[in-house]
file entry-v2.csv (CSV, C-alpha atoms)
chain,number,residue,atom,x,y,z
A,1,MET,CA,0.0,0.0,0.0
A,2,HIS,CA,2.9,2.4,0.8
A,3,LYS,CA,4.3,1.9,-2.7
A,4,LEU,CA,0.9,2.6,-4.3
A,5,LEU,CA,0.5,5.8,-2.3
A,6,ASP,CA,4.0,6.8,-3.1
A,7,LYS,CA,3.2,6.6,-6.8
A,8,ILE,CA,-0.1,8.5,-6.4
A,9,PHE,CA,1.3,11.4,-4.5
A,10,ASN,CA,4.9,11.7,-5.7
A,11,PHE,CA,4.4,12.1,-9.5
A,12,LEU,CA,3.3,15.7,-9.5
A,13,TYR,CA,6.4,17.4,-8.2
A,14,PRO,CA,8.8,15.8,-10.8
A,15,LEU,CA,6.2,16.6,-13.5
A,16,PHE,CA,6.0,20.3,-12.5
A,17,ARG,CA,9.8,20.5,-12.4
A,18,ASP,CA,10.0,19.0,-15.9
A,19,TRP,CA,7.6,21.8,-17.0
A,20,GLY,CA,10.1,24.4,-15.8
A,21,MET,CA,8.6,25.4,-12.5
A,22,SER,CA,10.8,26.5,-9.6
A,23,ARG,CA,11.3,24.2,-6.7
A,24,ASN,CA,9.3,26.2,-4.2
A,25,PHE,CA,6.4,26.8,-6.6
A,26,ALA,CA,6.4,23.2,-7.8
A,27,SER,CA,6.5,22.0,-4.2
A,28,TYR,CA,3.5,24.1,-3.0
A,29,ILE,CA,1.4,23.4,-6.1
A,30,SER,CA,2.0,19.7,-5.8
A,31,LEU,CA,1.2,19.9,-2.0
A,32,VAL,CA,-2.1,21.6,-2.6
A,33,LEU,CA,-3.1,19.2,-5.4
A,34,ASN,CA,-2.0,16.1,-3.4
A,35,ILE,CA,-4.2,17.3,-0.5
A,36,ALA,CA,-7.1,17.7,-2.9
A,37,ILE,CA,-6.5,14.3,-4.3
A,38,MET,CA,-6.3,12.8,-0.8
A,39,VAL,CA,-9.6,14.4,0.2
A,40,ALA,CA,-11.3,13.3,-3.0
A,41,LEU,CA,-10.0,9.7,-2.6
A,42,ALA,CA,-11.0,9.7,1.1
A,43,PHE,CA,-14.6,10.7,0.1
A,44,ALA,CA,-14.6,8.0,-2.6
A,45,ILE,CA,-13.4,5.4,-0.2
A,46,TYR,CA,-16.0,6.5,2.3
A,47,TYR,CA,-18.9,6.2,-0.1
A,48,VAL,CA,-17.7,2.8,-1.4
A,49,ALA,CA,-17.2,1.6,2.2
A,50,LYS,CA,-20.6,2.9,3.2
A,51,PHE,CA,-22.3,1.1,0.3
A,52,VAL,CA,-20.5,-2.1,1.0
A,53,LEU,CA,-20.9,-2.1,4.8
A,54,VAL,CA,-24.3,-0.5,5.3
A,55,THR,CA,-26.3,-1.6,2.2
A,56,LEU,CA,-24.9,-5.1,1.9
A,57,THR,CA,-25.0,-5.7,5.6
A,58,ALA,CA,-28.6,-4.7,5.7
A,59,ILE,CA,-29.4,-7.2,2.9
A,60,PHE,CA,-27.4,-9.9,4.7
A,61,ALA,CA,-29.2,-9.2,8.0
A,62,GLN,CA,-32.6,-9.7,6.4
A,63,LYS,CA,-31.6,-13.2,5.3
A,64,THR,CA,-30.1,-14.4,8.6
A,65,LYS,CA,-32.2,-15.8,11.5
A,66,THR,CA,-30.2,-14.1,14.3
A,67,LYS,CA,-31.2,-10.6,15.4
A,68,PHE,CA,-27.7,-9.6,16.4
A,69,ASP,CA,-26.8,-8.2,13.0
A,70,ASP,CA,-30.1,-6.2,13.1
A,71,TYR,CA,-29.0,-4.6,16.4
A,72,LEU,CA,-25.7,-3.8,14.8
A,73,ILE,CA,-27.4,-1.9,12.1
A,74,HIS,CA,-29.8,-0.2,14.5
A,75,ASN,CA,-26.9,1.0,16.6
A,76,LYS,CA,-25.1,2.3,13.4
A,77,THR,CA,-22.0,0.1,13.8
A,78,THR,CA,-21.5,-0.2,10.0
A,79,LYS,CA,-22.0,3.5,9.5
A,80,TYR,CA,-19.3,4.4,12.0
A,81,THR,CA,-17.0,1.7,10.5
A,82,ALA,CA,-17.4,3.4,7.1
A,83,TYR,CA,-16.1,6.6,8.7
A,84,LEU,CA,-13.0,4.8,10.0
A,85,ILE,CA,-11.8,3.3,6.7
A,86,PRO,CA,-11.0,6.6,4.9
A,87,PHE,CA,-9.2,7.9,7.9
A,88,PHE,CA,-6.9,4.9,7.8
A,89,PHE,CA,-6.2,5.9,4.3
A,90,ILE,CA,-5.5,9.5,5.3
A,91,TYR,CA,-3.3,8.3,8.2
A,92,LYS,CA,-1.1,6.5,5.7
A,93,ALA,CA,-1.2,9.2,3.1
A,94,VAL,CA,-0.2,12.2,5.4
A,95,PRO,CA,3.4,11.1,6.0
A,96,ILE,CA,3.9,10.8,2.2
A,97,ILE,CA,2.2,14.1,1.3
A,98,LEU,CA,3.9,16.1,4.1
A,99,ASP,CA,7.2,14.3,3.9
A,100,LYS,CA,9.1,17.6,3.5
A,101,TYR,CA,7.0,19.4,6.2
A,102,GLU,CA,7.9,17.7,9.4
A,103,TYR,CA,5.9,20.0,11.7
A,104,TRP,CA,2.7,19.7,9.7
A,105,GLU,CA,3.2,16.0,9.2
A,106,SER,CA,3.5,15.5,13.0
A,107,LEU,CA,0.5,17.8,13.7
A,108,PHE,CA,-1.9,16.3,11.2
A,109,GLY,CA,-0.6,12.8,12.0
A,110,LYS,CA,-1.5,13.3,15.6
A,111,ILE,CA,-4.9,14.8,14.8
A,112,VAL,CA,-5.8,11.9,12.4
A,113,GLY,CA,-4.5,9.3,15.0
A,114,ILE,CA,-6.6,10.8,17.7
A,115,TYR,CA,-9.7,10.7,15.5
A,116,ILE,CA,-9.0,7.1,14.7
A,117,VAL,CA,-8.8,6.3,18.4
A,118,LEU,CA,-12.1,8.1,19.1
A,119,ILE,CA,-14.0,6.6,16.2
A,120,SER,CA,-12.6,3.1,17.1
A,121,LEU,CA,-13.9,3.5,20.7
A,122,TRP,CA,-17.3,4.7,19.3
A,123,ILE,CA,-17.5,1.6,17.1
A,124,ILE,CA,-16.7,-0.7,20.0
A,125,ARG,CA,-19.4,1.1,22.0
A,126,THR,CA,-22.0,0.5,19.3
A,127,ILE,CA,-21.0,-3.2,19.2
A,128,PHE,CA,-21.5,-3.5,23.0
A,129,ASN,CA,-24.8,-1.6,22.8
A,130,ALA,CA,-25.9,-4.1,20.1
A,131,LEU,CA,-24.8,-7.0,22.3
A,132,ARG,CA,-26.7,-5.4,25.2
A,133,ASP,CA,-29.9,-5.1,23.2
A,134,TYR,CA,-29.5,-8.6,21.8
A,135,LEU,CA,-29.1,-10.1,25.2
A,136,LYS,CA,-32.0,-8.2,26.7
A,137,GLN,CA,-34.4,-9.8,24.3
A,138,LYS,CA,-33.4,-13.2,25.5
A,139,PRO,CA,-35.5,-14.4,28.5
A,140,GLU,CA,-32.5,-15.7,30.4
A,141,TYR,CA,-30.8,-12.3,30.3
A,142,SER,CA,-33.8,-9.9,30.3
A,143,ASP,CA,-33.6,-9.4,34.1
A,144,LYS,CA,-29.8,-9.1,34.4
A,145,PRO,CA,-28.0,-5.7,34.9
A,146,ILE,CA,-26.4,-5.8,31.5
A,147,ASP,CA,-26.2,-2.0,31.2
A,148,SER,CA,-23.9,-1.9,34.2
A,149,PHE,CA,-21.4,-4.4,32.7
A,150,VAL,CA,-21.4,-2.6,29.4
A,151,GLN,CA,-20.7,0.7,31.1
A,152,VAL,CA,-17.8,-0.8,33.1
A,153,ILE,CA,-16.2,-2.2,30.0
A,154,MET,CA,-16.6,1.1,28.2
A,155,ILE,CA,-15.1,3.1,31.1
A,156,VAL,CA,-12.0,0.8,31.0
A,157,LEU,CA,-11.7,1.2,27.3
A,158,TRP,CA,-12.1,5.0,27.5
A,159,ILE,CA,-9.4,5.2,30.1
A,160,PHE,CA,-7.0,3.3,27.7
A,161,GLY,CA,-8.3,5.5,24.8
A,162,VAL,CA,-7.5,8.7,26.7
A,163,ALA,CA,-4.1,7.3,27.7
A,164,MET,CA,-3.4,6.6,24.0
A,165,ILE,CA,-4.5,10.1,23.0
A,166,ILE,CA,-2.3,11.8,25.7
A,167,SER,CA,0.6,9.5,24.6
A,168,THR,CA,0.1,10.5,21.0
A,169,LEU,CA,-0.2,14.3,21.7
A,170,PHE,CA,2.8,14.6,24.1
A,171,GLY,CA,4.9,11.7,23.0
A,172,ILE,CA,4.8,10.0,26.4
A,173,LYS,CA,5.4,6.3,26.4
A,174,LYS,CA,2.4,4.3,27.4
A,175,GLY,CA,4.2,2.6,30.3
A,176,GLU,CA,5.2,5.9,31.8
A,177,LEU,CA,1.7,7.2,31.3
A,178,LEU,CA,0.1,4.3,33.1
A,179,THR,CA,2.6,5.0,36.0
A,180,ILE,CA,1.5,8.6,36.1
A,181,LEU,CA,-2.2,7.5,36.1
A,182,GLY,CA,-1.4,5.1,39.0
A,183,THR,CA,0.0,7.9,41.1
A,184,LEU,CA,-3.2,9.9,40.3
A,185,SER,CA,-5.4,6.9,41.3
A,186,ALA,CA,-6.7,8.7,44.4
A,187,ILE,CA,-8.0,11.6,42.4
A,188,ILE,CA,-9.5,9.1,39.8
A,189,ILE,CA,-11.2,7.2,42.6
A,190,LEU,CA,-12.6,10.5,44.0
A,191,ILE,CA,-13.9,11.6,40.6
A,192,PHE,CA,-15.4,8.2,39.8
A,193,ARG,CA,-16.6,7.4,43.3
A,194,ASP,CA,-20.2,6.9,42.4
A,195,THR,CA,-19.2,4.9,39.3
A,196,ILE,CA,-17.0,2.6,41.4
A,197,LEU,CA,-19.6,2.2,44.1
A,198,GLY,CA,-22.2,1.5,41.4
A,199,PHE,CA,-20.0,-1.1,39.7
A,200,VAL,CA,-19.4,-3.0,43.0
A,201,SER,CA,-23.1,-2.8,43.8
A,202,SER,CA,-24.0,-4.0,40.4
A,203,VAL,CA,-21.8,-7.0,40.9
A,204,GLN,CA,-23.4,-7.7,44.3
A,205,VAL,CA,-26.9,-7.3,42.9
A,206,ALA,CA,-26.1,-9.7,40.0
A,207,ILE,CA,-24.4,-12.3,42.2
A,208,ASN,CA,-26.9,-12.2,45.0
A,209,ASP,CA,-29.8,-11.9,42.7
A,210,MET,CA,-31.2,-9.0,44.8
A,211,VAL,CA,-33.0,-7.1,42.0
A,212,ARG,CA,-33.9,-7.9,38.5
A,213,ILE,CA,-35.4,-5.8,35.7
A,214,GLY,CA,-39.2,-6.2,36.1
A,215,ASP,CA,-39.1,-6.7,39.9
A,216,TRP,CA,-41.6,-4.7,41.9
A,217,ILE,CA,-39.6,-3.0,44.7
A,218,THR,CA,-40.5,-0.5,47.5
A,219,MET,CA,-37.9,1.9,48.8
A,220,ASP,CA,-39.5,4.5,51.1
A,221,LYS,CA,-36.3,6.5,51.4
A,222,PHE,CA,-36.4,7.4,47.7
A,223,GLY,CA,-40.2,7.3,47.3
A,224,ALA,CA,-40.0,4.3,45.0
A,225,ASP,CA,-42.9,1.9,44.7
A,226,GLY,CA,-43.1,0.2,41.3
A,227,ASP,CA,-41.3,-1.9,38.7
A,228,VAL,CA,-37.6,-1.8,37.9
A,229,ILE,CA,-37.2,-0.8,34.3
A,230,GLU,CA,-33.4,-0.2,34.1
A,231,ILE,CA,-30.3,-1.1,36.1
A,232,ASN,CA,-27.1,0.6,35.0
A,233,LEU,CA,-23.8,1.5,36.6
A,234,THR,CA,-24.9,4.5,38.6
A,235,THR,CA,-28.7,4.4,38.8
A,236,VAL,CA,-31.7,2.1,39.0
A,237,LYS,CA,-34.9,3.4,37.4
A,238,VAL,CA,-38.2,2.5,38.9
A,239,ARG,CA,-41.5,3.2,37.2
A,240,ASN,CA,-43.9,3.9,40.0
A,241,PHE,CA,-47.6,2.9,39.9
A,242,ASP,CA,-48.6,6.5,39.2
A,243,ASN,CA,-46.3,6.3,36.1
A,244,THR,CA,-43.6,8.6,37.6
A,245,ILE,CA,-40.0,7.6,37.4
A,246,THR,CA,-37.8,7.4,40.5
A,247,THR,CA,-34.1,7.2,40.1
A,248,ILE,CA,-32.2,5.4,42.9
A,249,PRO,CA,-28.3,5.3,43.2
A,250,THR,CA,-27.2,1.7,42.4
A,251,TYR,CA,-25.1,1.5,45.5
A,252,ALA,CA,-28.2,2.3,47.7
A,253,LEU,CA,-29.4,-1.2,46.9
A,254,SER,CA,-26.6,-2.7,48.8
A,255,SER,CA,-26.3,-0.1,51.6
A,256,ASP,CA,-30.0,0.6,52.3
A,257,SER,CA,-33.0,-1.6,52.9
A,258,PHE,CA,-35.7,-2.1,50.4
A,259,GLN,CA,-38.6,-4.5,49.8
A,260,ASN,CA,-38.6,-6.7,46.8
A,261,TRP,CA,-42.0,-8.3,46.0
A,262,ARG,CA,-40.7,-10.9,43.6
A,263,GLY,CA,-41.2,-13.7,46.2
A,264,MET,CA,-44.9,-12.8,46.5
A,265,GLN,CA,-45.3,-12.6,42.7
A,266,LYS,CA,-43.8,-16.1,42.3
A,267,SER,CA,-45.7,-17.6,45.2
A,268,ASP,CA,-49.2,-19.1,45.1
A,269,GLY,CA,-50.9,-16.2,46.8
A,270,ARG,CA,-50.6,-12.6,48.0
A,271,ARG,CA,-50.8,-12.0,51.7
A,272,ILE,CA,-53.7,-10.2,53.4
A,273,LYS,CA,-52.7,-9.0,56.8
A,274,ARG,CA,-55.1,-6.4,58.2
A,275,HIS,CA,-57.1,-6.0,61.4
A,276,ILE,CA,-60.2,-4.2,62.8
A,277,LEU,CA,-60.5,-2.8,66.3
A,278,ILE,CA,-63.3,-4.2,68.5
A,279,LYS,CA,-64.5,-1.9,71.3
A,280,SER,CA,-63.6,-3.7,74.6
A,281,SER,CA,-66.8,-2.7,76.4
A,282,SER,CA,-68.9,-4.5,73.8
A,283,ILE,CA,-67.3,-7.9,74.6
A,284,ARG,CA,-69.5,-10.1,76.8
A,285,PHE,CA,-70.5,-13.7,77.7
A,286,LEU,CA,-73.4,-15.3,75.7
A,287,ASN,CA,-76.3,-17.0,77.4
A,288,ASN,CA,-78.5,-19.7,76.0
A,289,ASP,CA,-80.9,-17.2,74.5
A,290,ASP,CA,-78.1,-15.5,72.7
A,291,LEU,CA,-76.7,-18.9,71.5
A,292,ASN,CA,-80.1,-20.0,70.2
A,293,HIS,CA,-80.4,-16.8,68.3
A,294,MET,CA,-76.9,-17.2,66.9
A,295,LYS,CA,-77.7,-20.7,65.6
A,296,ARG,CA,-79.5,-19.0,62.7
A,297,VAL,CA,-76.0,-18.1,61.3
A,298,GLN,CA,-75.5,-21.0,59.0
A,299,LEU,CA,-71.7,-21.0,58.9
A,300,ILE,CA,-71.4,-21.6,62.7
A,301,SER,CA,-74.7,-23.2,63.7
A,302,SER,CA,-73.2,-26.7,63.9
A,303,TYR,CA,-70.2,-25.4,65.8
A,304,ILE,CA,-72.5,-23.6,68.3
A,305,GLU,CA,-74.5,-26.8,68.9
A,306,THR,CA,-71.3,-29.0,69.4
A,307,ARG,CA,-69.6,-26.4,71.5
A,308,GLN,CA,-72.7,-25.7,73.6
A,309,ALA,CA,-73.1,-29.4,74.4
A,310,GLU,CA,-69.4,-29.7,75.5
A,311,ILE,CA,-69.7,-26.7,77.8
A,312,GLU,CA,-72.9,-27.8,79.4
A,313,LYS,CA,-71.5,-31.3,80.0
A,314,TYR,CA,-68.4,-29.8,81.5
A,315,ASN,CA,-70.4,-27.4,83.8
A,316,ASP,CA,-72.9,-30.1,84.9
A,317,LEU,CA,-70.1,-32.6,85.9
A,318,ARG,CA,-68.6,-29.9,88.1
A,319,GLY,CA,-71.9,-28.5,89.5
A,320,VAL,CA,-71.2,-25.0,88.2
A,321,ASP,CA,-73.6,-22.4,89.4
A,322,LYS,CA,-74.7,-20.7,86.2
A,323,SER,CA,-76.8,-18.1,87.9
A,324,LEU,CA,-73.7,-16.0,87.4
A,325,SER,CA,-72.4,-16.1,83.8
A,326,LEU,CA,-68.8,-15.7,85.0
A,327,ASN,CA,-68.8,-19.2,86.6
A,328,GLY,CA,-67.6,-22.2,84.6
A,329,ARG,CA,-67.0,-22.3,80.9
A,330,ASN,CA,-68.7,-19.9,78.5
A,331,MET,CA,-68.7,-18.7,75.0
A,332,THR,CA,-68.2,-15.0,74.3
A,333,ASN,CA,-69.5,-12.9,71.4
A,334,LEU,CA,-65.9,-12.1,70.4
A,335,GLY,CA,-64.8,-15.7,70.4
A,336,LEU,CA,-67.9,-16.7,68.3
A,337,PHE,CA,-67.3,-13.9,66.0
A,338,ARG,CA,-63.7,-15.0,65.5
A,339,LYS,CA,-64.9,-18.5,64.7
A,340,TYR,CA,-67.4,-17.0,62.2
A,341,ILE,CA,-64.7,-15.1,60.4
A,342,MET,CA,-62.6,-18.2,60.2
A,343,GLN,CA,-65.4,-20.2,58.6
A,344,TYR,CA,-66.1,-17.3,56.3
A,345,LEU,CA,-62.5,-17.1,55.1
A,346,ILE,CA,-62.4,-20.9,54.5
A,347,THR,CA,-65.4,-20.7,52.2
A,348,HIS,CA,-64.3,-17.5,50.4
A,349,PRO,CA,-63.5,-18.3,46.7
A,350,GLY,CA,-60.8,-15.6,46.4
A,351,LEU,CA,-58.5,-17.1,49.0
A,352,ASN,CA,-55.8,-19.8,48.5
A,353,LYS,CA,-56.9,-22.7,50.8
A,354,ASP,CA,-53.5,-24.3,50.6
A,355,MET,CA,-51.8,-21.4,52.4
A,356,HIS,CA,-52.2,-20.0,55.9
A,357,ILE,CA,-55.7,-18.8,56.8
A,358,MET,CA,-56.1,-17.4,60.2
A,359,CYS,CA,-58.2,-15.0,62.3
A,360,ARG,CA,-56.3,-14.0,65.4
A,361,GLN,CA,-56.6,-11.7,68.4
A,362,LEU,CA,-53.7,-9.3,68.9
A,363,GLN,CA,-52.5,-7.4,72.0
A,364,SER,CA,-55.3,-5.1,73.2
A,365,SER,CA,-54.6,-1.4,73.5
A,366,ALA,CA,-56.3,1.8,74.5
A,367,HIS,CA,-58.1,1.7,71.1
A,368,GLY,CA,-59.6,-1.7,71.7
A,369,VAL,CA,-59.0,-5.3,70.8
A,370,PRO,CA,-57.4,-5.9,67.4
A,371,LEU,CA,-58.9,-8.8,65.4
A,372,GLU,CA,-56.5,-9.6,62.6
A,373,ILE,CA,-57.1,-11.5,59.4
A,374,TYR,CA,-54.1,-13.3,58.0
A,375,ALA,CA,-54.7,-15.1,54.6
A,376,PHE,CA,-53.5,-15.2,51.0
A,377,SER,CA,-55.5,-14.2,48.0
A,378,SER,CA,-55.2,-16.6,45.1
A,379,ASP,CA,-55.2,-13.7,42.6
A,380,LYS,CA,-52.0,-11.7,42.9
A,381,ARG,CA,-52.9,-8.9,40.5
A,382,TRP,CA,-53.0,-5.6,42.3
A,383,ALA,CA,-56.5,-4.5,41.4
A,384,ASN,CA,-58.0,-8.0,42.0
A,385,TYR,CA,-56.1,-8.4,45.2
A,386,GLU,CA,-57.5,-5.1,46.5
A,387,TYR,CA,-61.0,-6.1,45.5
A,388,ILE,CA,-60.8,-9.4,47.4
A,389,MET,CA,-59.4,-7.8,50.5
A,390,ALA,CA,-62.1,-5.0,50.4
A,391,ASP,CA,-64.8,-7.6,49.9
A,392,ILE,CA,-63.7,-9.6,52.9
A,393,PHE,CA,-63.5,-6.6,55.2
A,394,ASP,CA,-66.8,-5.1,53.9
A,395,HIS,CA,-68.4,-8.4,55.1
A,396,VAL,CA,-66.5,-8.5,58.4
A,397,MET,CA,-67.4,-5.0,59.4
A,398,ALA,CA,-71.0,-5.4,58.4
A,399,SER,CA,-71.1,-8.7,60.4
A,400,VAL,CA,-70.0,-7.1,63.7
A,401,VAL,CA,-73.4,-5.9,64.7
A,402,TYR,CA,-74.9,-9.4,64.5
A,403,PHE,CA,-72.6,-10.5,67.3
A,404,ASP,CA,-73.5,-7.5,69.5
A,405,LEU,CA,-70.0,-6.1,69.1
A,406,GLU,CA,-68.9,-2.6,68.2
A,407,ILE,CA,-66.0,-1.3,66.1
A,408,PHE,CA,-63.8,1.2,67.9
A,409,GLU,CA,-63.9,4.8,66.5
A,410,LEU,CA,-62.3,7.9,68.0
A,411,PRO,CA,-65.0,10.4,69.1
A,412,SER,CA,-65.4,13.5,67.1
A,413,THR,CA,-63.8,16.6,68.6
A,414,ILE,CA,-65.9,19.0,66.5
A,415,GLY,CA,-68.9,20.5,68.4
A,416,PRO,CA,-72.3,21.3,67.0
A,417,LEU,CA,-72.6,24.1,64.6
A,418,SER,CA,-73.9,27.3,66.2
call {"tool": "encode", "arguments": {"input": "entry-v2.csv", "output": "structure tokens"}}
result
Amino acid sequence: MHKLLDKIFNFLYPLFRDWGMSRNFASYISLVLNIAIMVALAFAIYYVAKFVLVTLTAIFAQKTKTKFDDYLIHNKTTKYTAYLIPFFFIYKAVPIILDKYEYWESLFGKIVGIYIVLISLWIIRTIFNALRDYLKQKPEYSDKPIDSFVQVIMIVLWIFGVAMIISTLFGIKKGELLTILGTLSAIIILIFRDTILGFVSSVQVAINDMVRIGDWITMDKFGADGDVIEINLTTVKVRNFDNTITTIPTYALSSDSFQNWRGMQKSDGRRIKRHILIKSSSIRFLNNDDLNHMKRVQLISSYIETRQAEIEKYNDLRGVDKSLSLNGRNMTNLGLFRKYIMQYLITHPGLNKDMHIMCRQLQSSAHGVPLEIYAFSSDKRWANYEYIMADIFDHVMASVVYFDLEIFELPSTIGPLS
């Protein structure tokens, strides 16, 4: 190639000298014409390379089954490669054209060399972006933080690229340059603190499988409550359920606490854990008349008969004086109501019967006695889950009055209007 370029750019000067031109005039005229020829050839090479790389690659991509080449075209890899080829030609031609102009040869050679480094890095970036897009469409990689790894590789490549540019500009040997960069590592660490922390966190997230793209996470500190849509080197993007986007530093995933709902989404049910407050003063023992009246409640009628027989047998064997309800064993309206809720939950079609179903009494407080429902809805979709839970508590709160119980409510502090 060098011999061919030498023939192209070194025939004008002798020709002009043969025509009787002076040395200086022949030298300048041949220089200008050689530059014009170089630029024209560079444009010609560019258009040929663009046609071959872009057009033919697009035709080839349509005939292949893999989508990777489609992503290469989408990220304009072939287009940037077409830019690179003519600059290689220029890089080889400049020393021949400017052979007698050492200063300009050195200057333009450095400029072209720097451009080649930059466009090469840009091409590598488009290849990795294409690889990222290709892997994301594969199910086994769709939830992995591929953006983080691509960014780390590109940061390393850019560091080497900048080192090469500095080496080219100032004539510093690459080994000496890396030694200088090593001494400046403290400053580099300070500048790229978030990037380094993000990279370490990305590795931890990937290895420990803490967060995947598509996971529903809740992080109160940053106001995040929604689906993870992107994980990169410095940030994690969460689309909240109100369609706002929350950006979380990647390192916060390993340093702060957050809630990942993936386990719930993969389980057989979504948990319902909510309570109502029963007014303590409404809790009482039930007498036979109360029990006979309660037998009309179908879900617990058989339970009342069985339980009533057991209690009467127990009290008769011990000669318990039932003139006072406190004596012996008794049923309470709260206990019977708890049993009713349990039976209601067991028969509810929206609950998963293979998972825990429980109605339990919690520690009483100044606000009354908490009666908690603990169960799992079979439908985990948010709207349906909320409907099932609301349906259960609608029924529970409406049922309280049938057991002569009251739900605790704070008294209103607003007086009558004057």
call {"tool": "residues_around", "arguments": {"input": "entry-v2.csv", "residues": "region 355-369 of chain A", "least_positions_apart": "5", "cutoff": "7 Å", "atoms": "all atoms listed in the file", "output": "list in words"}}
result
Leu277, Ile278, Lys279, Ser280, Arg338, Ile341, Met342, Tyr374, Ala375, Phe376 and Phe408 of chain A
call {"tool": "atom_distance", "arguments": {"input": "entry-v2.csv", "atom1": "CA of Phe128 (chain A)", "atom2": "CA of Tyr80 (chain A)"}}
result
13.7 Å
call {"tool": "atom_distance", "arguments": {"input": "entry-v2.csv", "atom1": "CA of Asp209 (chain A)", "atom2": "CA of Asn352 (chain A)"}}
result
27.8 Å
call {"tool": "closest_residue", "arguments": {"input": "entry-v2.csv", "among": "A:Ile114, A:Ile272, A:Val211, A:Ile283", "to": "Thr250 (chain A)", "atoms": "all atoms listed in the file"}}
result
A:Val211
call {"tool": "atom_distance", "arguments": {"input": "entry-v2.csv", "atom1": "CA of Tyr385 (chain A)", "atom2": "CA of Gly269 (chain A)"}}
result
9.5 Å
call {"tool": "residues_near_point", "arguments": {"input": "entry-v2.csv", "point": "(-78.7, -19.7, 69.6)", "cutoff": "12 Å", "atoms": "only C-alpha atoms", "output": "JSON, numbers by chain"}}
result
{"A": [286, 287, 288, 289, 290, 291, 292, 293, 294, 295, 296, 297, 298, 300, 301, 302, 303, 304, 305, 306, 307, 308, 331, 333, 336, 403]}
call {"tool": "residues_near_point", "arguments": {"input": "entry-v2.csv", "point": "(-43.0, -3.9, 36.8)", "cutoff": "10 Å", "atoms": "all atoms listed in the file", "output": "PyMOL selection string"}}
result
chain A and resi 213-217+225-229+238-241
call {"tool": "write_last_selection", "arguments": {"input": "entry-v2.csv", "atoms": "C-alpha atoms", "output": "short mmCIF file (atom, residue, chain, number, x, y, z; two decimals), in the frame of the given file"}}
result
data_model
loop_
_atom_site.label_atom_id
_atom_site.label_comp_id
_atom_site.auth_asym_id
_atom_site.auth_seq_id
_atom_site.Cartn_x
_atom_site.Cartn_y
_atom_site.Cartn_z
CA ILE A 213 -35.40 -5.80 35.70
CA GLY A 214 -39.20 -6.20 36.10
CA ASP A 215 -39.10 -6.70 39.90
CA TRP A 216 -41.60 -4.70 41.90
CA ILE A 217 -39.60 -3.00 44.70
CA ASP A 225 -42.90 1.90 44.70
CA GLY A 226 -43.10 0.20 41.30
CA ASP A 227 -41.30 -1.90 38.70
CA VAL A 228 -37.60 -1.80 37.90
CA ILE A 229 -37.20 -0.80 34.30
CA VAL A 238 -38.20 2.50 38.90
CA ARG A 239 -41.50 3.20 37.20
CA ASN A 240 -43.90 3.90 40.00
CA PHE A 241 -47.60 2.90 39.90
#
call {"tool": "closest_residue", "arguments": {"input": "entry-v2.csv", "among": "A:Phe160, A:Gly328, A:Asn260, A:Gly113", "to": "Asp316 (chain A)", "atoms": "only C-alpha atoms"}}
result
A:Gly328
call {"tool": "residues_around", "arguments": {"input": "entry-v2.csv", "residues": "Leu118 (chain A)", "least_positions_apart": "2", "cutoff": "12 Å", "atoms": "all atoms listed in the file", "output": "list in words"}}
result
Tyr80, Thr81, Tyr83, Leu84, Phe87, Ile111, Val112, Gly113, Ile114, Tyr115, Ile116, Ser120, Leu121, Trp122, Ile123, Ile124, Arg125, Leu157, Trp158, Ile159, Phe160, Gly161, Val162, Ala163, Met164 and Ile165 of chain A
